[in-house]
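The next block is coords.txt, given as compact mmCIF, C-alpha atoms and all ligand atoms.
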# COMPACT_ATOMS: atom_id res chain seq x y z
CA MET A 1 24.61 44.11 -42.98
CA SER A 2 21.29 44.87 -41.29
CA ARG A 3 19.92 41.74 -42.94
CA VAL A 4 22.55 39.65 -41.24
CA LEU A 5 21.70 41.24 -37.89
CA LEU A 6 17.99 40.54 -38.48
CA PHE A 7 18.80 36.93 -39.32
CA ILE A 8 20.86 36.58 -36.14
CA ALA A 9 18.08 38.20 -34.08
CA ILE A 10 15.49 35.76 -35.48
CA PHE A 11 17.83 32.85 -34.84
CA VAL A 12 18.36 33.97 -31.22
CA ILE A 13 14.60 34.38 -30.65
CA VAL A 14 13.87 30.94 -32.08
CA TYR A 15 16.64 29.45 -29.96
CA LEU A 16 15.30 31.11 -26.81
CA LEU A 17 11.75 29.98 -27.55
CA PHE A 18 12.98 26.43 -28.12
CA LYS A 19 14.92 26.55 -24.86
CA TYR A 20 11.86 27.88 -23.00
CA TYR A 21 9.67 25.19 -24.54
CA ARG A 22 12.09 22.45 -23.49
CA LYS A 23 12.30 23.81 -19.94
CA GLN A 24 8.51 23.86 -19.80
CA LYS A 25 8.38 20.25 -20.96
CA ILE A 26 10.90 19.16 -18.33
CA GLN A 27 8.81 20.87 -15.64
CA ASP A 28 5.76 19.03 -16.95
CA SER A 29 7.47 15.66 -16.71
CA ASP A 30 8.70 16.58 -13.24
CA ALA A 31 5.11 17.19 -12.17
CA GLU A 32 4.06 13.89 -13.73
CA GLU A 33 6.83 12.09 -11.90
CA LYS A 34 5.77 13.67 -8.62
CA ALA A 35 2.17 12.59 -9.22
CA ALA A 36 3.36 9.07 -9.98
CA THR A 37 5.39 9.00 -6.78
CA THR A 38 2.39 10.17 -4.79
CA ALA A 39 0.25 7.49 -6.39
CA LYS A 40 2.90 4.92 -5.56
CA ALA A 41 3.03 6.08 -1.95
CA LYS A 42 -0.74 5.85 -1.76
CA GLN A 43 -0.57 2.32 -3.13
CA ALA A 44 2.13 1.44 -0.60
CA GLU A 45 -0.19 2.53 2.19
CA ASP A 46 -2.73 0.02 0.97
CA MET A 47 -0.41 -2.96 1.21
CA VAL A 48 -1.72 -5.94 3.15
CA ARG A 49 -0.09 -9.16 4.31
CA CYS A 50 -1.21 -12.61 3.34
CA ALA A 51 -2.34 -14.39 6.53
CA GLN A 52 -0.95 -17.67 5.19
CA CYS A 53 2.48 -16.88 3.73
CA SER A 54 3.06 -13.32 5.03
CA VAL A 55 3.78 -11.97 1.55
CA HIS A 56 2.87 -8.31 1.09
CA LEU A 57 0.55 -7.38 -1.75
CA PRO A 58 -1.68 -4.48 -2.74
CA LYS A 59 -5.01 -4.54 -0.97
CA GLY A 60 -6.82 -4.40 -4.30
CA GLU A 61 -5.17 -7.65 -5.44
CA SER A 62 -5.78 -9.53 -2.21
CA LEU A 63 -8.61 -11.85 -1.29
CA VAL A 64 -10.45 -10.76 1.82
CA THR A 65 -12.34 -12.96 4.24
CA GLY A 66 -13.78 -12.56 7.70
CA ALA A 67 -15.94 -9.95 9.34
CA ALA A 68 -14.99 -6.30 9.41
CA ASP A 69 -13.30 -6.59 12.81
CA LYS A 70 -11.38 -9.77 11.89
CA MET A 71 -10.40 -9.12 8.28
CA LYS A 72 -7.90 -11.53 6.78
CA TYR A 73 -6.09 -10.93 3.51
CA PHE A 74 -4.70 -13.59 1.24
CA CYS A 75 -2.45 -13.53 -1.83
CA SER A 76 -4.38 -16.31 -3.55
CA GLU A 77 -7.44 -18.50 -3.34
CA ALA A 78 -5.20 -21.48 -2.48
CA HIS A 79 -3.83 -19.69 0.57
CA ARG A 80 -7.26 -18.56 1.63
CA ARG A 81 -8.40 -22.19 1.53
CA ALA A 82 -5.24 -23.46 3.26
CA TYR A 83 -5.71 -20.92 6.04
CA SER A 84 -9.36 -21.81 6.63
CA ASP A 85 -8.45 -25.54 6.55
CA GLN A 86 -5.83 -24.87 9.23
CA ALA A 87 -8.27 -22.91 11.37
CA GLN A 88 -10.79 -25.72 11.46
ZN ZN B 101 -0.06 -16.27 0.55
Any chance you could put this one into structure tokens?
Ligand SMILES: [Zn+2]
Amino acid sequence: MSRVLLFIAIFVIVYLLFKYYRKQKIQDSDAEEKAATTAKAKQAEDMVRCAQCSVHLPKGESLVTGAADKMKYFCSEAHRRAYSDQAQ
């Protein structure tokens, strides 16, 4: 009889450990998700608008022309050229 109790006790401990481990994992993925959201928000802050077609794109993917005080962003080389052709 005591053997059965021992077996049940071990089973319960393993179950609780497994449950704890899973909870821990879920918390980890929550933290990762939060970090991803923060990164996304940061990226959203760095959105710029194409001066030619007004499409929004990440600053890192845009083409930049002009001096620091008159920066213009473009979605593509074609739009950068079209814009400078228009300006002249
Ligand atoms: Zn454009």
| request: Write out as a PyMOL selection string which residues come within 12 Å of segment 59-67 of chain A when counting only C-alpha atoms, dropping same-chain ones fewer than 5 positions away. | output: chain A and resi 42-52+72-81+83-84
| message | For a test of reading the model, state the distance in Å between atom CA of Arg3 of chain A and atom CA of Arg22 of chain A, rounded to one decimal. | response | 28.5 Å
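In this comparison, which uses all atoms listed in the file, the residue of A:Cys53, A:Met1, A:Ala31, A:Val12 approaching ligand ZN 101 (chain B) most closely is A:Cys53.
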| For ligand ZN 101 (chain B), which of A:Leu16, A:Ala68, A:Ala82, A:Ala87 is the closest residue, counting only C-alpha atoms and all ligand atoms? |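 Of all the options, A:Ala82 lies closest to ligand ZN 101 (chain B).
Atom pair atom CA of Ile10 of chain A / atom CA of Gln27 of chain A has a distance of 25.7 Å (rounded to one decimal).
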Quick one: 3 Å padding each side, axis-aligned, all listed atoms of segment 6-12 of chain A - centre and edge lengths in Å to one decimal, as lines of an AutoDock Vina configuration file?
center_x = 18.2
center_y = 36.7
center_z = -35.3
size_x = 11.4
size_y = 13.7
size_z = 14.1
| What is the distance between atom CA of Lys19 of chain A and atom CA of Ser2 of chain A, in Å to one decimal? | 25.4 Å
Just add all heavy atoms to segment 70-81 of chain A and send it as a PDB file, keeping the file's coordinate frame.
ATOM      1  N   LYS A  70     -12.391  -8.699  11.970  1.00  0.00           N
ATOM      2  CA  LYS A  70     -11.380  -9.770  11.890  1.00  0.00           C
ATOM      3  C   LYS A  70     -11.036 -10.038  10.435  1.00  0.00           C
ATOM      4  O   LYS A  70     -11.046 -11.178   9.986  1.00  0.00           O
ATOM      5  CB  LYS A  70     -11.934 -11.051  12.525  1.00  0.00           C
ATOM      6  CG  LYS A  70     -11.649 -11.161  13.994  1.00  0.00           C
ATOM      7  CD  LYS A  70     -12.073 -12.550  14.470  1.00  0.00           C
ATOM      8  CE  LYS A  70     -11.683 -12.798  15.909  1.00  0.00           C
ATOM      9  NZ  LYS A  70     -12.157 -14.122  16.362  1.00  0.00           N
ATOM     10  N   MET A  71     -10.706  -8.989   9.704  1.00  0.00           N
ATOM     11  CA  MET A  71     -10.400  -9.120   8.280  1.00  0.00           C
ATOM     12  C   MET A  71      -9.090  -9.866   8.078  1.00  0.00           C
ATOM     13  O   MET A  71      -8.102  -9.596   8.765  1.00  0.00           O
ATOM     14  CB  MET A  71     -10.289  -7.725   7.654  1.00  0.00           C
ATOM     15  CG  MET A  71     -11.609  -6.996   7.669  1.00  0.00           C
ATOM     16  SD  MET A  71     -12.539  -7.264   6.181  1.00  0.00           S
ATOM     17  CE  MET A  71     -11.954  -5.883   5.224  1.00  0.00           C
ATOM     18  N   LYS A  72      -9.113 -10.798   7.144  1.00  0.00           N
ATOM     19  CA  LYS A  72      -7.900 -11.530   6.780  1.00  0.00           C
ATOM     20  C   LYS A  72      -7.676 -11.337   5.283  1.00  0.00           C
ATOM     21  O   LYS A  72      -8.621 -11.401   4.497  1.00  0.00           O
ATOM     22  CB  LYS A  72      -8.056 -13.025   7.072  1.00  0.00           C
ATOM     23  CG  LYS A  72      -8.212 -13.327   8.526  1.00  0.00           C
ATOM     24  CD  LYS A  72      -6.863 -13.416   9.215  1.00  0.00           C
ATOM     25  CE  LYS A  72      -7.031 -13.764  10.692  1.00  0.00           C
ATOM     26  NZ  LYS A  72      -5.899 -13.286  11.483  1.00  0.00           N
ATOM     27  N   TYR A  73      -6.429 -11.127   4.924  1.00  0.00           N
ATOM     28  CA  TYR A  73      -6.090 -10.930   3.510  1.00  0.00           C
ATOM     29  C   TYR A  73      -5.230 -12.099   3.042  1.00  0.00           C
ATOM     30  O   TYR A  73      -4.399 -12.609   3.795  1.00  0.00           O
ATOM     31  CB  TYR A  73      -5.311  -9.630   3.335  1.00  0.00           C
ATOM     32  CG  TYR A  73      -6.106  -8.429   3.778  1.00  0.00           C
ATOM     33  CD1 TYR A  73      -5.941  -7.902   5.050  1.00  0.00           C
ATOM     34  CD2 TYR A  73      -7.015  -7.833   2.909  1.00  0.00           C
ATOM     35  CE1 TYR A  73      -6.680  -6.796   5.457  1.00  0.00           C
ATOM     36  CE2 TYR A  73      -7.760  -6.735   3.308  1.00  0.00           C
ATOM     37  CZ  TYR A  73      -7.585  -6.225   4.588  1.00  0.00           C
ATOM     38  OH  TYR A  73      -8.310  -5.140   4.990  1.00  0.00           O
ATOM     39  N   PHE A  74      -5.458 -12.485   1.804  1.00  0.00           N
ATOM     40  CA  PHE A  74      -4.700 -13.590   1.240  1.00  0.00           C
ATOM     41  C   PHE A  74      -4.206 -13.253  -0.162  1.00  0.00           C
ATOM     42  O   PHE A  74      -4.885 -12.536  -0.894  1.00  0.00           O
ATOM     43  CB  PHE A  74      -5.557 -14.861   1.187  1.00  0.00           C
ATOM     44  CG  PHE A  74      -6.036 -15.291   2.545  1.00  0.00           C
ATOM     45  CD1 PHE A  74      -7.283 -14.894   3.015  1.00  0.00           C
ATOM     46  CD2 PHE A  74      -5.229 -16.069   3.351  1.00  0.00           C
ATOM     47  CE1 PHE A  74      -7.714 -15.260   4.270  1.00  0.00           C
ATOM     48  CE2 PHE A  74      -5.657 -16.442   4.619  1.00  0.00           C
ATOM     49  CZ  PHE A  74      -6.904 -16.049   5.080  1.00  0.00           C
ATOM     50  N   CYS A  75      -3.036 -13.803  -0.527  1.00  0.00           N
ATOM     51  CA  CYS A  75      -2.450 -13.530  -1.830  1.00  0.00           C
ATOM     52  C   CYS A  75      -3.135 -14.342  -2.909  1.00  0.00           C
ATOM     53  O   CYS A  75      -3.093 -13.989  -4.076  1.00  0.00           O
ATOM     54  CB  CYS A  75      -0.948 -13.810  -1.803  1.00  0.00           C
ATOM     55  SG  CYS A  75      -0.538 -15.533  -1.498  1.00  0.00           S
ATOM     56  N   SER A  76      -3.744 -15.467  -2.542  1.00  0.00           N
ATOM     57  CA  SER A  76      -4.380 -16.310  -3.550  1.00  0.00           C
ATOM     58  C   SER A  76      -5.507 -17.125  -2.921  1.00  0.00           C
ATOM     59  O   SER A  76      -5.582 -17.267  -1.701  1.00  0.00           O
ATOM     60  CB  SER A  76      -3.358 -17.271  -4.161  1.00  0.00           C
ATOM     61  OG  SER A  76      -2.825 -18.098  -3.154  1.00  0.00           O
ATOM     62  N   GLU A  77      -6.326 -17.663  -3.781  1.00  0.00           N
ATOM     63  CA  GLU A  77      -7.440 -18.500  -3.340  1.00  0.00           C
ATOM     64  C   GLU A  77      -6.917 -19.738  -2.611  1.00  0.00           C
ATOM     65  O   GLU A  77      -7.491 -20.182  -1.619  1.00  0.00           O
ATOM     66  CB  GLU A  77      -8.288 -18.894  -4.571  1.00  0.00           C
ATOM     67  CG  GLU A  77      -9.428 -19.878  -4.297  1.00  0.00           C
ATOM     68  CD  GLU A  77     -10.488 -19.336  -3.337  1.00  0.00           C
ATOM     69  OE1 GLU A  77     -10.658 -18.111  -3.264  1.00  0.00           O
ATOM     70  OE2 GLU A  77     -11.119 -20.150  -2.657  1.00  0.00           O
ATOM     71  N   ALA A  78      -5.790 -20.280  -3.099  1.00  0.00           N
ATOM     72  CA  ALA A  78      -5.200 -21.480  -2.480  1.00  0.00           C
ATOM     73  C   ALA A  78      -4.811 -21.196  -1.032  1.00  0.00           C
ATOM     74  O   ALA A  78      -5.037 -22.032  -0.147  1.00  0.00           O
ATOM     75  CB  ALA A  78      -3.980 -21.923  -3.280  1.00  0.00           C
ATOM     76  N   HIS A  79      -4.236 -20.022  -0.793  1.00  0.00           N
ATOM     77  CA  HIS A  79      -3.830 -19.690   0.570  1.00  0.00           C
ATOM     78  C   HIS A  79      -5.025 -19.399   1.461  1.00  0.00           C
ATOM     79  O   HIS A  79      -5.005 -19.681   2.643  1.00  0.00           O
ATOM     80  CB  HIS A  79      -2.853 -18.498   0.557  1.00  0.00           C
ATOM     81  CG  HIS A  79      -1.451 -18.936   0.215  1.00  0.00           C
ATOM     82  ND1 HIS A  79      -0.408 -18.062   0.131  1.00  0.00           N
ATOM     83  CD2 HIS A  79      -0.967 -20.179  -0.057  1.00  0.00           C
ATOM     84  CE1 HIS A  79       0.695 -18.748  -0.182  1.00  0.00           C
ATOM     85  NE2 HIS A  79       0.368 -20.028  -0.312  1.00  0.00           N
ATOM     86  N   ARG A  80      -6.057 -18.820   0.859  1.00  0.00           N
ATOM     87  CA  ARG A  80      -7.260 -18.560   1.630  1.00  0.00           C
ATOM     88  C   ARG A  80      -7.850 -19.893   2.114  1.00  0.00           C
ATOM     89  O   ARG A  80      -8.242 -20.057   3.271  1.00  0.00           O
ATOM     90  CB  ARG A  80      -8.294 -17.809   0.779  1.00  0.00           C
ATOM     91  CG  ARG A  80      -9.478 -17.272   1.595  1.00  0.00           C
ATOM     92  CD  ARG A  80     -10.596 -16.798   0.712  1.00  0.00           C
ATOM     93  NE  ARG A  80     -11.174 -17.874  -0.086  1.00  0.00           N
ATOM     94  CZ  ARG A  80     -11.991 -18.808   0.391  1.00  0.00           C
ATOM     95  NH1 ARG A  80     -12.357 -18.794   1.649  1.00  0.00           N
ATOM     96  NH2 ARG A  80     -12.447 -19.762  -0.391  1.00  0.00           N
ATOM     97  N   ARG A  81      -7.854 -20.883   1.193  1.00  0.00           N
ATOM     98  CA  ARG A  81      -8.400 -22.190   1.530  1.00  0.00           C
ATOM     99  C   ARG A  81      -7.508 -22.894   2.564  1.00  0.00           C
ATOM    100  O   ARG A  81      -7.994 -23.468   3.532  1.00  0.00           O
ATOM    101  CB  ARG A  81      -8.487 -23.053   0.258  1.00  0.00           C
ATOM    102  CG  ARG A  81      -9.789 -23.845   0.218  1.00  0.00           C
ATOM    103  CD  ARG A  81      -9.954 -24.560  -1.113  1.00  0.00           C
ATOM    104  NE  ARG A  81     -10.118 -23.638  -2.228  1.00  0.00           N
ATOM    105  CZ  ARG A  81      -9.800 -23.940  -3.480  1.00  0.00           C
ATOM    106  NH1 ARG A  81      -9.299 -25.124  -3.787  1.00  0.00           N
ATOM    107  NH2 ARG A  81     -10.005 -23.092  -4.459  1.00  0.00           N
TER     108      ARG A  81
END
